[in-house]
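Source file: query.cif (mmCIF, C-alpha atoms)
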```cif
data_run
loop_
_atom_site.label_atom_id
_atom_site.label_comp_id
_atom_site.auth_asym_id
_atom_site.auth_seq_id
_atom_site.Cartn_x
_atom_site.Cartn_y
_atom_site.Cartn_z
CA MET A 1 1.95 18.66 25.41
CA LEU A 2 4.91 16.35 25.25
CA GLU A 3 6.68 15.40 28.44
CA ALA A 4 9.69 13.21 29.04
CA ASP A 5 10.66 12.11 32.51
CA ASN A 6 13.95 10.76 33.71
CA LEU A 7 14.79 8.98 30.44
CA GLU A 8 17.70 6.60 30.32
CA CYS A 9 19.19 5.24 27.14
CA VAL A 10 21.53 2.26 26.93
CA ARG A 11 22.86 1.13 23.56
CA GLY A 12 24.90 -2.03 23.68
CA GLU A 13 27.10 -1.78 26.78
CA ARG A 14 27.14 2.01 26.91
CA ARG A 15 24.85 4.32 28.73
CA LEU A 16 24.28 7.29 26.43
CA PHE A 17 22.26 9.45 28.80
CA ALA A 18 20.28 9.17 32.00
CA GLY A 19 17.92 11.38 33.97
CA LEU A 20 16.92 13.30 30.89
CA GLY A 21 13.61 15.13 30.94
CA PHE A 22 11.80 18.02 29.30
CA ARG A 23 8.37 19.46 28.83
CA LEU A 24 7.18 20.93 25.58
CA GLU A 25 3.99 22.96 25.20
CA ALA A 26 1.96 23.86 22.13
CA GLY A 27 3.80 26.28 19.87
CA GLU A 28 7.22 25.29 21.17
CA LEU A 29 10.20 23.91 19.34
CA LEU A 30 12.87 21.78 20.96
CA TYR A 31 16.34 21.73 19.42
CA LEU A 32 18.32 18.67 20.42
CA GLN A 33 22.02 19.26 20.41
CA GLY A 34 25.03 17.14 21.12
CA ARG A 35 28.09 15.71 19.46
CA ASN A 36 27.93 12.71 17.13
CA GLY A 37 26.99 9.58 19.01
CA ALA A 38 25.57 11.46 21.98
CA GLY A 39 22.21 9.79 21.51
CA LYS A 40 20.16 12.42 19.66
CA THR A 41 18.68 9.96 17.19
CA SER A 42 18.14 7.41 19.97
CA LEU A 43 16.19 10.02 21.91
CA LEU A 44 14.07 10.79 18.85
CA ARG A 45 13.36 7.11 18.36
CA MET A 46 12.26 6.92 21.99
CA LEU A 47 9.96 9.89 21.46
CA ILE A 48 8.25 8.21 18.50
CA GLY A 49 7.90 4.97 20.45
CA LEU A 50 10.13 2.74 18.33
CA LEU A 51 12.83 2.42 20.99
CA PRO A 52 11.63 1.64 24.50
CA PRO A 53 13.61 3.65 27.08
CA GLU A 54 15.68 1.72 29.62
CA SER A 55 13.83 3.64 32.30
CA GLY A 56 11.64 6.71 32.46
CA GLU A 57 8.46 7.66 30.69
CA ILE A 58 7.27 9.75 27.78
CA ARG A 59 3.78 11.24 27.89
CA TRP A 60 1.72 12.83 25.13
CA GLN A 61 -1.23 14.93 26.34
CA GLY A 62 -0.71 13.42 29.76
CA MET A 63 -0.91 9.82 28.59
CA PRO A 64 2.12 7.49 28.33
CA ILE A 65 2.79 7.01 24.61
CA LYS A 66 2.90 3.27 25.10
CA THR A 67 -0.71 3.17 26.29
CA ALA A 68 -1.84 5.90 23.90
CA GLY A 69 -0.52 3.78 21.01
CA GLU A 70 -2.50 4.51 17.88
CA HIS A 71 -3.92 7.78 19.25
CA PHE A 72 -0.40 9.03 19.77
CA ARG A 73 0.74 7.87 16.34
CA ALA A 74 -2.26 9.63 14.76
CA ASP A 75 -0.88 12.91 16.15
CA LEU A 76 2.70 12.22 15.14
CA CYS A 77 4.67 13.04 12.02
CA TYR A 78 8.20 11.70 11.92
CA LEU A 79 10.88 12.48 9.38
CA GLY A 80 13.92 10.30 9.88
CA HIS A 81 17.39 10.60 8.40
CA LEU A 82 16.18 8.10 5.79
CA ASN A 83 13.85 9.69 3.29
CA ALA A 84 11.26 6.90 3.29
CA ILE A 85 10.66 7.33 -0.41
CA LYS A 86 10.54 4.56 -3.00
CA GLU A 87 13.10 4.97 -5.77
CA GLU A 88 10.87 3.27 -8.34
CA LEU A 89 7.91 5.56 -7.75
CA THR A 90 7.59 9.15 -8.91
CA PRO A 91 7.51 11.98 -6.33
CA LEU A 92 3.76 12.30 -6.82
CA GLU A 93 3.15 8.58 -6.32
CA ASN A 94 5.40 8.59 -3.28
CA LEU A 95 3.49 11.41 -1.69
CA LEU A 96 0.09 9.92 -2.41
CA ALA A 97 1.12 6.45 -1.23
CA ALA A 98 2.65 7.79 2.00
CA ALA A 99 -0.49 9.79 2.73
CA ARG A 100 -2.72 6.80 2.06
CA LEU A 101 -0.64 4.53 4.28
CA ALA A 102 -0.75 7.12 7.06
CA GLU A 103 -4.56 7.09 6.65
CA GLU A 104 -4.66 10.75 5.72
CA PRO A 105 -5.52 10.59 2.04
CA LEU A 106 -4.25 13.55 0.07
CA ALA A 107 -5.99 14.98 -2.99
CA GLU A 108 -3.84 14.90 -6.09
CA ASP A 109 -4.04 18.69 -6.43
CA ASP A 110 -2.77 19.14 -2.89
CA ALA A 111 0.09 16.75 -3.57
CA LEU A 112 1.03 18.61 -6.75
CA ASP A 113 0.87 21.87 -4.87
CA ALA A 114 3.16 20.48 -2.15
CA LEU A 115 5.66 19.33 -4.75
CA GLU A 116 5.58 22.74 -6.39
CA GLN A 117 6.29 24.37 -3.05
CA VAL A 118 9.38 22.23 -2.50
CA GLY A 119 10.59 23.18 -5.95
CA LEU A 120 9.90 19.93 -7.77
CA ALA A 121 7.41 21.30 -10.28
CA GLY A 122 7.94 19.53 -13.59
CA ARG A 123 9.54 16.52 -11.95
CA GLU A 124 6.38 14.97 -10.52
CA ASP A 125 6.44 12.17 -13.06
CA LEU A 126 10.11 11.27 -12.94
CA ALA A 127 11.06 8.15 -10.97
CA CYS A 128 12.81 9.18 -7.75
CA LYS A 129 15.93 7.20 -8.61
CA HIS A 130 16.71 9.87 -11.23
CA LEU A 131 16.59 12.67 -8.67
CA SER A 132 19.58 14.13 -6.83
CA GLN A 133 20.14 13.64 -3.10
CA GLY A 134 18.78 17.09 -2.29
CA GLN A 135 15.75 16.59 -4.49
CA LYS A 136 14.98 13.27 -2.79
CA ARG A 137 15.13 15.06 0.53
CA ARG A 138 12.67 17.59 -0.85
CA VAL A 139 10.27 14.81 -1.80
CA ALA A 140 10.44 13.60 1.80
CA LEU A 141 9.89 17.15 3.08
CA ALA A 142 6.92 17.66 0.76
CA ARG A 143 5.01 15.43 3.19
CA LEU A 144 5.23 18.23 5.76
CA VAL A 145 3.59 20.86 3.57
CA LYS A 146 0.05 19.60 4.05
CA GLU A 147 0.74 17.91 7.37
CA ARG A 148 -1.60 19.10 10.11
CA ARG A 149 -0.69 16.64 12.84
CA PRO A 150 0.33 18.48 15.99
CA LEU A 151 3.65 16.79 16.79
CA TRP A 152 6.54 16.89 14.32
CA ILE A 153 9.69 14.98 15.09
CA LEU A 154 12.43 15.71 12.59
CA ASP A 155 15.85 14.10 12.43
CA GLU A 156 18.35 16.42 10.76
CA PRO A 157 15.77 18.02 8.47
CA PHE A 158 18.22 20.54 6.99
CA VAL A 159 20.75 18.03 5.72
CA ALA A 160 21.38 18.07 1.94
CA LEU A 161 19.27 21.20 1.42
CA ASP A 162 20.44 24.35 -0.34
CA ILE A 163 20.15 27.77 1.32
CA ALA A 164 16.80 28.65 -0.26
CA ALA A 165 15.31 25.34 0.85
CA VAL A 166 16.62 25.81 4.40
CA ASP A 167 14.79 29.15 4.59
CA TRP A 168 11.66 27.61 3.14
CA LEU A 169 11.72 24.79 5.70
CA ALA A 170 12.31 27.22 8.57
CA THR A 171 9.22 29.15 7.46
CA LEU A 172 7.22 25.92 7.21
CA ILE A 173 8.20 24.95 10.75
CA SER A 174 7.30 28.45 11.99
CA GLY A 175 3.88 28.10 10.42
CA HIS A 176 3.44 24.78 12.19
CA LEU A 177 4.37 26.34 15.54
CA GLN A 178 2.02 29.28 14.94
CA ARG A 179 -0.84 26.86 14.42
CA GLY A 180 -0.10 25.53 17.90
CA GLY A 181 2.00 22.59 16.79
CA LEU A 182 5.01 21.15 18.60
CA ALA A 183 8.28 20.19 17.01
CA VAL A 184 11.38 18.35 18.17
CA MET A 185 14.40 18.29 15.93
CA THR A 186 18.08 17.56 15.83
CA THR A 187 20.43 19.65 13.79
CA HIS A 188 24.05 20.63 13.61
CA GLN A 189 23.32 23.88 11.81
CA THR A 190 21.79 26.76 13.70
CA VAL A 191 18.80 27.83 11.74
CA ALA A 192 16.71 30.72 13.00
CA ILE A 193 13.07 29.78 13.29
CA PRO A 194 11.14 33.07 13.10
CA ALA A 195 8.11 32.15 15.23
CA GLY A 196 7.32 30.19 18.34
CA THR A 197 9.40 29.57 21.44
CA VAL A 198 12.65 27.80 20.79
CA ARG A 199 14.16 25.69 23.53
CA GLU A 200 17.40 23.83 23.48
CA LEU A 201 18.41 20.58 25.06
CA ARG A 202 22.00 19.43 25.11
CA ILE A 203 22.63 15.71 25.38
CA GLY A 204 25.86 14.30 26.72
CA HIS A 205 28.71 16.36 28.06
CA MET B 1 -8.95 -1.99 8.32
CA LEU B 2 -9.52 -3.14 4.73
CA ASN B 3 -8.47 0.33 3.67
CA ILE B 4 -4.98 -0.03 4.98
CA ILE B 5 -4.55 -3.60 3.71
CA GLY B 6 -5.71 -2.40 0.29
CA ALA B 7 -3.33 0.55 0.37
CA VAL B 8 -0.35 -1.70 1.16
CA ILE B 9 -1.31 -4.20 -1.56
CA ALA B 10 -1.75 -1.41 -4.14
CA ARG B 11 1.64 0.08 -3.29
CA ASP B 12 3.50 -3.24 -3.30
CA LEU B 13 1.93 -4.32 -6.59
CA LYS B 14 2.87 -1.02 -8.18
CA LEU B 15 6.45 -1.46 -6.96
CA ALA B 16 6.52 -5.04 -8.25
CA MET B 17 5.31 -3.85 -11.65
CA ARG B 18 8.21 -1.38 -11.77
CA ARG B 19 10.70 -4.19 -11.28
CA GLN B 20 9.20 -7.06 -13.12
CA ALA B 21 12.60 -8.74 -13.38
CA ASP B 22 12.10 -10.05 -9.82
CA ILE B 23 8.80 -11.75 -10.62
CA VAL B 24 9.99 -13.09 -13.94
CA SER B 25 13.21 -14.54 -12.53
CA ALA B 26 11.35 -16.45 -9.80
CA VAL B 27 8.92 -17.89 -12.36
CA PHE B 28 11.75 -18.87 -14.69
CA PHE B 29 13.61 -20.46 -11.79
CA PHE B 30 10.50 -22.55 -11.13
CA ILE B 31 10.15 -23.51 -14.80
CA ILE B 32 13.81 -24.48 -15.17
CA VAL B 33 14.08 -26.50 -11.95
CA VAL B 34 10.91 -28.44 -12.80
CA SER B 35 12.03 -29.01 -16.39
CA LEU B 36 15.43 -30.37 -15.38
CA PHE B 37 13.90 -33.44 -13.77
CA PRO B 38 12.33 -35.07 -16.85
CA LEU B 39 15.55 -34.35 -18.74
CA GLY B 40 17.70 -35.91 -16.03
CA ILE B 41 15.53 -38.91 -15.23
CA GLY B 42 14.59 -39.91 -18.74
CA PRO B 43 11.31 -40.60 -20.49
CA GLU B 44 9.67 -43.16 -18.25
CA PRO B 45 6.05 -42.00 -17.85
CA GLU B 46 5.36 -44.20 -14.84
CA LEU B 47 8.31 -42.84 -12.85
CA LEU B 48 7.69 -39.23 -13.92
CA ARG B 49 4.04 -39.38 -12.87
CA LYS B 50 5.14 -40.59 -9.47
CA LEU B 51 7.76 -37.87 -9.04
CA ALA B 52 5.70 -34.99 -10.41
CA PRO B 53 3.89 -33.75 -7.27
CA GLY B 54 7.03 -33.75 -5.13
CA VAL B 55 9.19 -32.10 -7.76
CA LEU B 56 6.67 -29.37 -8.50
CA TRP B 57 6.11 -28.63 -4.85
CA VAL B 58 9.79 -28.55 -3.90
CA ALA B 59 10.44 -26.23 -6.84
CA ALA B 60 7.53 -24.03 -5.71
CA LEU B 61 8.97 -23.82 -2.17
CA LEU B 62 12.38 -22.81 -3.50
CA ALA B 63 10.94 -20.28 -5.94
CA THR B 64 8.97 -18.69 -3.09
CA MET B 65 12.14 -18.52 -0.99
CA LEU B 66 13.88 -16.49 -3.71
CA SER B 67 11.76 -13.40 -3.18
CA LEU B 68 11.38 -13.66 0.59
CA PRO B 69 14.56 -11.84 1.71
CA ARG B 70 13.35 -8.69 -0.06
CA LEU B 71 9.90 -8.77 1.52
CA PHE B 72 10.88 -6.29 4.24
CA ALA B 73 14.52 -5.53 3.39
CA ASP B 74 13.78 -2.84 0.78
CA ASP B 75 11.32 -1.04 3.03
CA HIS B 76 13.78 -1.30 5.91
CA ARG B 77 16.66 0.17 3.92
CA ASP B 78 14.83 3.24 2.62
CA GLY B 79 13.01 4.02 5.86
CA THR B 80 9.47 3.28 4.67
CA LEU B 81 9.17 0.43 7.18
CA GLU B 82 9.62 2.95 10.00
CA GLN B 83 6.83 5.06 8.56
CA LEU B 84 4.60 2.01 8.24
CA ALA B 85 5.28 1.13 11.88
CA LEU B 86 4.38 4.69 12.90
CA ALA B 87 1.10 4.82 11.01
CA PRO B 88 -1.97 4.90 13.24
CA HIS B 89 -3.01 1.29 12.78
CA PRO B 90 -1.62 -2.05 13.93
CA LEU B 91 1.54 -3.14 12.10
CA GLY B 92 0.00 -6.62 11.73
CA LEU B 93 -2.48 -5.24 9.20
CA VAL B 94 0.33 -3.74 7.14
CA VAL B 95 2.13 -7.09 7.15
CA THR B 96 -1.10 -8.85 6.14
CA GLY B 97 -1.21 -6.56 3.11
CA LYS B 98 2.41 -7.27 2.31
CA VAL B 99 1.86 -11.04 2.60
CA ILE B 100 -1.11 -10.88 0.21
CA ALA B 101 0.88 -8.75 -2.25
CA HIS B 102 3.80 -11.19 -1.99
CA TRP B 103 1.50 -14.07 -2.80
CA LEU B 104 -0.01 -12.23 -5.79
CA VAL B 105 3.41 -11.73 -7.35
CA SER B 106 5.13 -14.96 -6.27
CA GLY B 107 2.56 -17.68 -5.50
CA LEU B 108 -0.14 -16.92 -8.04
CA PRO B 109 2.15 -17.02 -11.13
CA LEU B 110 3.48 -20.42 -9.97
CA ALA B 111 -0.05 -21.81 -9.71
CA LEU B 112 -0.88 -20.51 -13.18
CA ILE B 113 2.19 -22.02 -14.80
CA ALA B 114 2.14 -25.32 -12.86
CA PRO B 115 -0.41 -27.15 -15.07
CA VAL B 116 1.69 -26.48 -18.15
CA LEU B 117 4.76 -27.87 -16.42
CA GLY B 118 2.74 -30.85 -15.17
CA ILE B 119 2.21 -31.96 -18.77
CA GLN B 120 5.94 -32.72 -18.97
CA PHE B 121 5.35 -35.32 -16.29
CA ASP B 122 2.44 -36.92 -18.14
CA LEU B 123 -0.08 -36.05 -15.41
CA SER B 124 -3.75 -36.66 -16.16
CA ALA B 125 -6.19 -33.77 -16.49
CA ASP B 126 -7.64 -34.53 -13.04
CA ALA B 127 -4.23 -34.53 -11.45
CA LEU B 128 -3.31 -31.25 -13.17
CA LEU B 129 -6.46 -29.64 -11.84
CA VAL B 130 -5.77 -30.79 -8.28
CA LEU B 131 -2.13 -29.74 -8.61
CA THR B 132 -3.16 -26.22 -9.60
CA GLY B 133 -5.73 -26.10 -6.81
CA ALA B 134 -3.19 -27.33 -4.26
CA ILE B 135 -0.60 -24.75 -5.29
CA LEU B 136 -3.25 -22.01 -5.24
CA LEU B 137 -4.33 -23.04 -1.74
CA GLY B 138 -0.89 -23.76 -0.33
CA THR B 139 1.27 -20.87 -1.55
CA PRO B 140 -0.43 -18.20 0.61
CA ALA B 141 0.69 -20.24 3.61
CA LEU B 142 4.24 -20.17 2.22
CA SER B 143 4.11 -16.36 1.97
CA GLY B 144 2.68 -16.08 5.48
CA ILE B 145 5.19 -18.39 7.17
CA GLY B 146 7.96 -16.87 5.09
CA ALA B 147 7.08 -13.40 6.37
CA ILE B 148 7.93 -14.50 9.92
CA GLY B 149 11.34 -15.71 8.78
CA ALA B 150 11.93 -12.56 6.72
CA ALA B 151 11.05 -10.37 9.70
CA LEU B 152 13.26 -12.34 12.10
CA THR B 153 16.29 -12.18 9.81
CA LEU B 154 15.79 -8.53 8.83
CA GLY B 155 19.02 -6.59 8.92
CA LEU B 156 21.22 -9.61 9.63
CA ARG B 157 24.32 -10.23 7.61
CA GLY B 158 23.96 -13.45 5.62
CA GLY B 159 20.28 -13.37 6.47
CA GLY B 160 19.35 -15.13 3.23
CA VAL B 161 20.83 -18.50 4.20
CA LEU B 162 19.54 -18.24 7.74
CA LEU B 163 16.12 -17.43 6.35
CA SER B 164 16.10 -20.67 4.32
CA LEU B 165 17.19 -22.67 7.36
CA LEU B 166 14.43 -21.13 9.45
CA VAL B 167 11.62 -21.26 6.95
CA LEU B 168 12.11 -24.44 4.91
CA PRO B 169 11.47 -26.81 7.87
CA LEU B 170 8.24 -24.92 8.54
CA TYR B 171 7.20 -25.48 4.94
CA ILE B 172 7.24 -29.28 5.40
CA PRO B 173 3.52 -29.66 6.29
CA VAL B 174 2.52 -27.64 3.23
CA LEU B 175 4.83 -29.77 1.09
CA ILE B 176 3.45 -33.04 2.47
CA PHE B 177 -0.20 -32.17 2.05
CA GLY B 178 0.31 -30.30 -1.21
CA ALA B 179 2.11 -33.19 -2.87
CA GLY B 180 -0.18 -35.66 -1.07
CA ALA B 181 -3.27 -34.13 -2.67
CA VAL B 182 -1.94 -34.85 -6.16
CA ASP B 183 -0.71 -38.33 -5.16
CA ALA B 184 -4.08 -39.19 -3.73
CA THR B 185 -5.83 -38.06 -6.91
CA VAL B 186 -3.49 -40.06 -9.12
CA SER B 187 -4.05 -43.20 -7.01
CA GLY B 188 -7.82 -42.67 -7.11
CA LEU B 189 -8.34 -41.89 -3.42
CA GLY B 190 -9.40 -38.28 -4.00
CA GLY B 191 -7.46 -35.27 -2.76
CA GLU B 192 -10.25 -33.39 -0.98
CA GLY B 193 -8.97 -34.17 2.52
CA HIS B 194 -5.50 -32.92 1.69
CA LEU B 195 -6.88 -29.80 0.06
CA SER B 196 -9.00 -29.01 3.12
CA LEU B 197 -5.95 -29.29 5.34
CA LEU B 198 -3.99 -27.04 2.99
CA ALA B 199 -6.76 -24.48 3.13
CA ALA B 200 -6.76 -24.68 6.93
CA MET B 201 -2.98 -24.10 7.00
CA THR B 202 -3.33 -21.13 4.69
CA ILE B 203 -6.04 -19.55 6.82
CA ALA B 204 -3.98 -20.06 9.95
CA ALA B 205 -0.79 -18.76 8.33
CA VAL B 206 -2.33 -15.67 6.72
CA GLY B 207 -4.33 -14.92 9.85
CA PHE B 208 -1.65 -15.32 12.49
CA ALA B 209 1.76 -15.08 10.83
CA PRO B 210 1.48 -11.32 10.11
CA TRP B 211 1.10 -10.59 13.82
CA ALA B 212 4.14 -12.68 14.69
CA SER B 213 6.05 -10.94 11.90
CA ALA B 214 4.95 -7.55 13.20
CA ALA B 215 6.35 -8.39 16.64
CA ALA B 216 9.65 -9.42 15.04
CA LEU B 217 9.73 -6.24 12.93
CA LYS B 218 9.31 -4.06 16.00
CA ILE B 219 12.38 -5.68 17.52
CA ALA B 220 14.30 -5.14 14.28
CA LEU B 221 13.32 -1.45 14.28
CA GLU B 222 14.60 -0.74 17.81
#
```

Please lay out the structure from this file as C-alpha cells.
Amino acid sequence: MLEADNLECVRGERRLFAGLGFRLEAGELLYLQGRNGAGKTSLLRMLIGLLPPESGEIRWQGMPIKTAGEHFRADLCYLGHLNAIKEELTPLENLLAAARLAEEPLAEDDALDALEQVGLAGREDLACKHLSQGQKRRVALARLVKERRPLWILDEPFVALDIAAVDWLATLISGHLQRGGLAVMTTHQTVAIPAGTVRELRIGH
Amino acid sequence: MLNIIGAVIARDLKLAMRRQADIVSAVFFFIIVVSLFPLGIGPEPELLRKLAPGVLWVAALLATMLSLPRLFADDHRDGTLEQLALAPHPLGLVVTGKVIAHWLVSGLPLALIAPVLGIQFDLSADALLVLTGAILLGTPALSGIGAIGAALTLGLRGGGVLLSLLVLPLYIPVLIFGAGAVDATVSGLGGEGHLSLLAAMTIAAVGFAPWASAAALKIALE
C-alpha cells in the first residue's frame, strides 16, 4: 500500500502543488494527469525517494519511505523518461547488466524471452546506438517483462511506442495489477488498462 | 556487498572496452607530456634525473583529470545513474565500484607505462621500480578524490574547469609523497616511508571518498 500525505513541492521559487495526498492499494493503478510543468515528474521523483518533499510524507506498507530505505527500493521498479540503457551495449547486455545491478539476476534465456516479447528478436546483439528511438524505449520496457516487484512507477511509458506496443504494454501493466501489484504512471494519452482499478489524480489547476 | 561492487566494475570495464579511444588518449597524453620535457630541457642527465619524479607525477595527475568529468556524466545523461541510486543497496558501494573501474582503466595503464618513460630521464633501475610502485599505490587515491569532484560538478555547465580547480589542490599530498618516494630512493634514503603514506592515503580515499561522492550525487539527482 502506497500512501502520500499532504505533499508539497517547491521547485526554484515556484510552488507546484501543496496538500496533495492519495492512497493506493494492491491491484490499483494511479494515473497522474496535468498540463506540462504541473509537477507530474516531480511527484514521481518524490514517490521514488530521489526528491525530498518540501513537506508531507510518503509511506510504503505503512513505513515512511525515507526510513524504509533499501527495503522500499527492493520493492520498487522505476522507469523514467530517460531509458537508462547504455548505447555501447547490446539490448541483451543492457538487460542483464541492469538486472545484476538491481540485485535481481536474470537468466539469459529469460532476458532473450523478454526481448522477444518486446519485438526485438534478432536484434539482441546489435549495439543500442544503432536502434531507433522506439526500439530503445522497448529495450527499457523489456525490464518490466520479468519484473515481479510490487510497485511500478512509470514516467510516460507510452511515449515513442507504436500502436501494437501500446497495447502490449497495457496488457503487461494489467498482468502486474492482477498479480496484486501497484502502479503509478503519468501519461498524456488515455490508454485503457483492461484489469485492476484505475484511479486518476489531477495535479495543478 | 562484493556482488554489487563486482557488477559495477564488470559493467564499467565492458563499457570502457567498447570505447577504447578514451583510455588510449589519456595514456598518449601522459606519454607525450612526459616526453616533451627531455626534448625541451636538453640532454643533461643530472638535471633530468632530478626532474623525473615531479614531471611524471604531474603528468599522471593531469592524465587522470582527463577522464574524470565522464566518470558520472554519461550515467547521468542516459538515466542509468538514477537506476543505480534506486537499487536496493547503498549508493556508496556503487561509487566504490566505479572508482575501482576508473582506476583500472586510467591509473593502472599509467603505472605500467611509467617505467618505460622513466628511462628517458636516465633513472636507475631502483628508482624505476619505486616510481612504478608509487604510481600504483597513489593513483587509486587520485580516482577516489576525483570522484568527489566529479560528483560535485555533475550537471554543471563548464564543470570540467571547475572540477580541475576543485580536485587538483586535493591531489597535492599524493604528488608530494609520490614524487618524494622516488627522490628519496635516488638520494639513497629509501622511499619506504613515502610509500607507506601513499598507501594510507589510498586506503582512506578509496574507503571514504565514495560515500562523500554518493552524498553529492544524491543532491545532483534531486

Residues matched by the PyMOL selection byres ((chain A and resi 65) around 12) as a compact mmCIF listing (two decimals) with C-alpha atoms, in the frame of the given file:
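Printed below is out.txt as written:
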```
# COMPACT_ATOMS: atom_id res chain seq x y z
CA MET A 1 1.95 18.66 25.41
CA LEU A 2 4.91 16.35 25.25
CA GLU A 3 6.68 15.40 28.44
CA ALA A 4 9.69 13.21 29.04
CA MET A 46 12.26 6.92 21.99
CA LEU A 47 9.96 9.89 21.46
CA ILE A 48 8.25 8.21 18.50
CA GLY A 49 7.90 4.97 20.45
CA LEU A 50 10.13 2.74 18.33
CA LEU A 51 12.83 2.42 20.99
CA PRO A 52 11.63 1.64 24.50
CA PRO A 53 13.61 3.65 27.08
CA GLY A 56 11.64 6.71 32.46
CA GLU A 57 8.46 7.66 30.69
CA ILE A 58 7.27 9.75 27.78
CA ARG A 59 3.78 11.24 27.89
CA TRP A 60 1.72 12.83 25.13
CA GLN A 61 -1.23 14.93 26.34
CA GLY A 62 -0.71 13.42 29.76
CA MET A 63 -0.91 9.82 28.59
CA PRO A 64 2.12 7.49 28.33
CA LYS A 66 2.90 3.27 25.10
CA THR A 67 -0.71 3.17 26.29
CA ALA A 68 -1.84 5.90 23.90
CA GLY A 69 -0.52 3.78 21.01
CA GLU A 70 -2.50 4.51 17.88
CA HIS A 71 -3.92 7.78 19.25
CA PHE A 72 -0.40 9.03 19.77
CA ARG A 73 0.74 7.87 16.34
CA ALA A 74 -2.26 9.63 14.76
CA ASP A 75 -0.88 12.91 16.15
CA LEU A 76 2.70 12.22 15.14
```

Please list as a VMD selection string every residue within 10 Å of B:Pro173, counting all atoms listed in the file and excluding residues in the same chain fewer than 2 positions away.
chain B and resid 138 169 to 171 175 to 179 197 to 198 201

What does the PyMOL selection byres ((chain A and resi 120-127) around 7) select in this file, as a list in words?
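Evaluating the PyMOL selection byres ((chain A and resi 120-127) around 7) on this file yields Glu87, Glu88, Leu89, Thr90, Pro91, Leu92, Leu115, Glu116, Val118, Gly119, Cys128, Lys129 and His130 of chain A.
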
Nearby residues (only C-alpha atoms) at most 8 Å from B:Ala7, same-chain spacing under 2 positions excluded, as a ChimeraX atom specification
/A:97,100-101 /B:3-5,9-11,97

What residues come out when you apply the PyMOL selection byres ((chain B) within 7 of (chain A)) to this file, written as a list in words?
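With the PyMOL selection byres ((chain B) within 7 of (chain A)) on this model, the match is Ile4, Ala7, Val8, Arg11, Leu15, Arg18, Asp78, Gly79, Thr80, Leu86, Ala87, Pro88, His89, Leu221 and Glu222 of chain B.
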
What gap, in Å, lies between atom CA of A:Leu43 and atom CA of A:Leu141?
21.1 Å

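Close contacts of stretch 176-189 of chain A, defined as residues with an atom at most 8 Å away when counting only C-alpha atoms, with chain neighbours fewer than 3 positions off set aside, comprise Met1, Leu24, Glu25, Ala26, Gly27, Glu28, Leu29, Leu30, Tyr31, Leu32, Gln33, Lys40, Thr41, Arg148, Arg149, Pro150, Leu151, Trp152, Ile153, Leu154, Asp155, Glu156, Pro157, Phe158, Leu172, Ile173, Ala195 and Gly196 of chain A.
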
To one decimal in Å, tell me the separation between atom CA of B:Ala127 and atom CA of B:Val58.
17.0 Å

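Interatomic distance, atom CA of B:Gly118 to atom CA of B:Ser25: 19.6 Å.
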
Please provide the set of residues having any atom within 10 Å of B:Leu123, restricted to only C-alpha atoms, with same-chain residues fewer than 5 positions apart removed, written as JSON, numbers by chain.
{"B": [45, 46, 48, 49, 50, 52, 53, 115, 117, 118, 128, 129, 131, 182, 186]}

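With all atoms listed in the file taken into account, every residue lying no more than 8 Å from the file point (22.3, 17.2, 3.2) is included here: Gln133, Gly134, Arg137, Phe158, Val159, Ala160 and Leu161 of chain A.
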
Once 5 Å is added on each side, what are the centre and the three edge lengths, in Å to one decimal, of the axis-aligned box enclosing the listed atoms of stretch 15-33 of chain B? Present them as lines of an AutoDock Vina configuration file.
```
center_x = 9.7
center_y = -13.9
center_z = -11.1
size_x = 18.8
size_y = 35.1
size_z = 18.2
```

Could you pull the residues within 6 Å of B:Ala216, counting all atoms listed in the file, minus those fewer than 2 positions along the same chain, as a ChimeraX atom specification?
/B:151-152,213-214,218-219

Kindly indicate which residue among A:Val191, A:Leu95, A:Gly12, A:Ala164 lies nearest to A:Leu144, using only C-alpha atoms for the distances.
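So, comparing all the options, the nearest one is A:Leu95.
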
Which is closest to B:Gly144 among B:Arg77, B:His102, B:Arg70, B:Arg19, if we use only C-alpha atoms?
B:His102

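Ranking B:Gln120, B:Ser106, B:Thr96, B:Thr153 by their shortest atom-to-atom distance to B:Phe28, with all atoms listed in the file included, puts B:Ser106 first.
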
Just so I have it separately, write stretch 108-116 of chain B from the block I sent, keeping N, CA and C atoms, as a tab-separated table (two decimals), in the first residue's frame.
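File written: decode.tsv
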```
chain	number	residue	atom	x	y	z
B	108	LEU	N	46.01	2.34	-13.70
B	108	LEU	CA	46.84	1.15	-13.95
B	108	LEU	C	47.68	1.27	-15.23
B	109	PRO	N	47.08	1.71	-16.36
B	109	PRO	CA	47.92	1.84	-17.57
B	109	PRO	C	49.06	2.83	-17.36
B	110	LEU	N	48.83	3.90	-16.58
B	110	LEU	CA	49.90	4.88	-16.35
B	110	LEU	C	51.05	4.22	-15.60
B	111	ALA	N	50.71	3.42	-14.58
B	111	ALA	CA	51.75	2.76	-13.79
B	111	ALA	C	52.55	1.79	-14.66
B	112	LEU	N	51.86	1.14	-15.60
B	112	LEU	CA	52.55	0.15	-16.44
B	112	LEU	C	53.49	0.82	-17.43
B	113	ILE	N	53.11	2.01	-17.89
B	113	ILE	CA	53.92	2.66	-18.91
B	113	ILE	C	55.02	3.55	-18.28
B	114	ALA	N	54.83	3.91	-17.01
B	114	ALA	CA	55.75	4.86	-16.35
B	114	ALA	C	57.22	4.41	-16.39
B	115	PRO	N	57.54	3.12	-16.11
B	115	PRO	CA	58.96	2.76	-16.12
B	115	PRO	C	59.62	2.97	-17.48
B	116	VAL	N	58.86	2.74	-18.54
B	116	VAL	CA	59.43	2.95	-19.88
B	116	VAL	C	59.76	4.43	-20.07
```
